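Please read the structure below before turning to the comments.
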2 protein chains.
Amino acid sequence: MPEISLILVGFGNVGKAFVRLLQRKSDLLRDRYDLTYRITGIATGRHGMVMDPDGLDPQKILEVEDFSTLSRLPQPSSVIDLIQRCPGDFMFENSPVNHETGQPAIDHIRTALQRKMHVVTANKGPVVHGYHELIALAAENGRSFLFESAVMDGAPIFSVFREPLPLTELHGFTGILNSCTNFILGMMDEGKSFEEAVSLAQSIGITETDPSEDIDGWDAAVKAAALVTVLMGVPMKPQQVDRTGIRSITPIMLAEARAAGERWKLVCTAVREGDDVHARVVPQRVRPDSPLFAINGTNSYVQFHTDVLPGLGIIESDPGPETTAYGLLADMINALRAKGMLK
Amino acid sequence: MPEISLILVGFGNVGKAFVRLLQRKSDLLRDRYDLTYRITGIATGRHGMVMDPDGLDPQKILEVEDFSTLSRLPQPSSVIDLIQRCPGDFMFENSPVNHETGQPAIDHIRTALQRKMHVVTANKGPVVHGYHELIALAAENGRSFLFESAVMDGAPIFSVFREPLPLTELHGFTGILNSCTNFILGMMDEGKSFEEAVSLAQSIGITETDPSEDIDGWDAAVKAAALVTVLMGVPMKPQQVDRTGIRSITPIMLAEARAAGERWKLVCTAVREGDDVHARVVPQRVRPDSPLFAINGTNSYVQFHTDVLPGLGIIESDPGPETTAYGLLADMINALRAKGMLK
């Protein structure tokens, strides 16, 4: 029975949901794939670090406040030091997103791939800022670099272009990729002020203390750039996306749309233009006849336009840390499958 | 360079679109997979049969009226005879659907699998009436039996539960799976009579001379039964689906829905109940807040409810023989990949 060792970098809601999901699926992993796992290292920004080649107790890591208290070994001097010294078949990179540089996640991933670990991440930063380098480094080391959860949580977006859609040319896409602004526009449509809507979004954990990353369209732009880079084969940085956030959408504009039976949505589009791709994120009014109209609350949507399927739409409803965690699990399975380690 | 031999059983719009798609993608097949193909046999119900181990001229088979005129060899005595004698790595089964028994497609497929061909089909009949037998027979012979195009044309429905969604439990689904009734209800909503709408559907080729298969909900029931059988693991025949067609939907009912801002749709649902699944096909009123509302014309939709992703919706827009043909091509590639014959 193969046992795999997992290192977790970043251990917030997604990391915790991932450990709970592994526990819930452990019988199935053993019965279907003859696979067991142990968690050998955890590195966090604010809750310390721990490594244990024999495997940490999953229940304890879900309960403890400071990981260094679990340590039987000298503390690593840094996250990189932990990745360099801790035994691991996989490194899960879930540190906070840096849309400007993708760091320090890119350094973490580079180190792990060089140590011949598979790398799985929900972090969009290294996808837009390091994709080509990291994919090449993974190939060189015979390992996988996968990131299904970077866009639309665990909904299959990148993997659908692997097995299910061979020989497809992607011409472009349209979608709603940022939950927070979609939720805020919905709340404002129901009469809440912008400030009230932002507070609500913060209270349910779908935006940060500083919500400008979402509101100014950066999160949507990073996701659009990730889709363009990976699926359309044209490297694109978030800074290259034509980007307008939702600050200019007023209650009057929402009321006018409502009177016309329409809704405001922050819409992402990308269109191939010769060798280039033009991508933008911009608030638009949508009609009930558009699939975008019914994408409400924290749901998200992308419609792909390809040479073989003119329109293929994917909707994700009711996302949460659990759905992001599922994307990490699916990537883990697929990395092992790609190595021929699973049926 | 591996060359594969293809036998086509049934050669209507889908078969022709498939040959054109193979021609269009032949450079890509060669460059990406080092793969070439020849078509060694064609069997049709009304246009004769032909076999040629050296390969038929793709251009000629798109133009000829009677395939027997292309024959340099004695005519096969039957479709089964052709499948038994013609060299082939793949048999593509696209004969007309028989929702009651799945025949004669099941016999064609059985024969081809016994001869160690991969089988790819857009035909729903053998999926609901022969799935377990045919999958077992395929495994026994080390070949694939694939049918992506049987539901929602080439949109990835079955394949998405392979690589992209490992370890998923499917609790149920909701969707609009029959294009014809969806188109008819839309036309009636725009003021056409039922008879006018049916004629229009016939004129654009989305229903048969006898449209009752669609109108009485049989096509939708067969598709729902196929999804339940394959994806939920519970064998289900179309006759076991609670089925109501659209004959009872009157202009008055449509007008009442319209006045309330709603639309009538023929909705398929399946829900797991213990070890069983309850599936039904029934006209329902849907509101603009439902993703079903914007599924108009010949578009189709399914939303899956799973233990790991609460809602995963897939929309197919603007289908046609080309999109069905793409599903056949994707299955062909995936059968070869499963045998380790492609990268």
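Residue numbers start at 1 in each chain; chains themselves are named A, B, ... in the order of the structure tokens; ligands are numbered from 1 in the order shown.
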- Give me the residues within 8 Å of region 122-127 of chain B as a list of chain:residue names, counting only C-alpha atoms and dropping any in the same chain fewer than 5 places off.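 The filter keeps B:Glu93, B:Asn94, B:Ser95, B:Pro96, B:Val97, B:Asn98, B:His99, B:Glu100, B:Thr101, B:Gly102, B:Gln103, B:Ala105, B:Ile106, B:Phe147, B:Glu148, B:Ser149, B:Ala150, B:Val151, B:Asp153, B:Val222, B:Lys223, B:Ala226, B:Thr324, B:Gly327, B:Leu328.
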- Would you list, as a ChimeraX atom specification, the residues of region 116-219 of chain B that end up in strand (DSSP E or B) under DSSP run on this structure's backbone? /B:118-121,145-146,170-176
- Up to 7 Å from chain A, what residues of chain B turn up? Count only C-alpha atoms and give them as a PyMOL selection string. chain B and resi 155-156+159-160+163-166+288-291+294+308-318+323+326+330+334
- Message: Taking 2 positions as the minimum chain separation for residues in the same chain, which residues sit within 12 Å of Val19 (chain B) when counting only C-alpha atoms? Answer as number ranges by chain.
- Response: B: 6-8, 11-17, 21-26, 37-39, 42, 56-63, 92, 321-322, 324-326, 328-329
- Query: CA of Thr207 (chain B) to CA of Ala221 (chain B): how many Å, to one decimal?
  - Reply: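 Computed distance, CA of Thr207 (chain B) to CA of Ala221 (chain B), equals 15.6 Å.
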- Query: Quick one: DSSP helix (DSSP H, G or I) residues in region 133-180 of chain A, as a PyMOL selection string?
  - Reply: chain A and resi 133-140+148-150+159-161+179-180
Resulting file, chosen residues, N, CA and C atoms, as a tab-separated table (two decimals), in the first residue's frame:
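The resulting out12.tsv:
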chain	number	residue	atom	x	y	z
A	133	GLU	N	7.46	28.88	-16.24
A	133	GLU	CA	8.65	28.39	-15.53
A	133	GLU	C	8.33	27.17	-14.68
A	134	LEU	N	7.20	27.23	-13.96
A	134	LEU	CA	6.90	26.17	-12.99
A	134	LEU	C	6.46	24.88	-13.68
A	135	ILE	N	5.73	25.01	-14.80
A	135	ILE	CA	5.33	23.82	-15.56
A	135	ILE	C	6.59	23.15	-16.13
A	136	ALA	N	7.51	23.95	-16.62
A	136	ALA	CA	8.75	23.39	-17.18
A	136	ALA	C	9.57	22.71	-16.09
A	137	LEU	N	9.64	23.36	-14.93
A	137	LEU	CA	10.40	22.80	-13.80
A	137	LEU	C	9.76	21.49	-13.33
A	138	ALA	N	8.43	21.46	-13.31
A	138	ALA	CA	7.72	20.23	-12.91
A	138	ALA	C	8.05	19.11	-13.90
A	139	ALA	N	7.99	19.41	-15.20
A	139	ALA	CA	8.26	18.39	-16.22
A	139	ALA	C	9.69	17.86	-16.08
A	140	GLU	N	10.62	18.79	-15.89
A	140	GLU	CA	12.04	18.44	-15.73
A	140	GLU	C	12.26	17.46	-14.57
A	148	GLU	N	-6.21	23.38	-9.90
A	148	GLU	CA	-7.64	23.43	-10.26
A	148	GLU	C	-8.41	24.45	-9.44
A	149	SER	N	-8.08	24.56	-8.15
A	149	SER	CA	-8.85	25.43	-7.27
A	149	SER	C	-8.53	26.92	-7.41
A	150	ALA	N	-7.60	27.26	-8.30
A	150	ALA	CA	-7.23	28.68	-8.44
A	150	ALA	C	-8.36	29.50	-9.08
A	159	SER	N	-9.00	21.04	-15.62
A	159	SER	CA	-8.98	19.61	-15.93
A	159	SER	C	-9.93	19.26	-17.07
A	160	VAL	N	-10.96	20.07	-17.28
A	160	VAL	CA	-11.92	19.76	-18.34
A	160	VAL	C	-11.26	19.90	-19.72
A	161	PHE	N	-10.20	20.68	-19.78
A	161	PHE	CA	-9.47	20.81	-21.06
A	161	PHE	C	-8.38	19.74	-21.20
A	179	SER	N	-16.73	36.05	-6.65
A	179	SER	CA	-17.92	35.88	-5.81
A	179	SER	C	-18.28	37.13	-5.03
A	180	CYS	N	-17.24	37.79	-4.51
A	180	CYS	CA	-17.49	38.90	-3.60
A	180	CYS	C	-18.25	40.04	-4.27
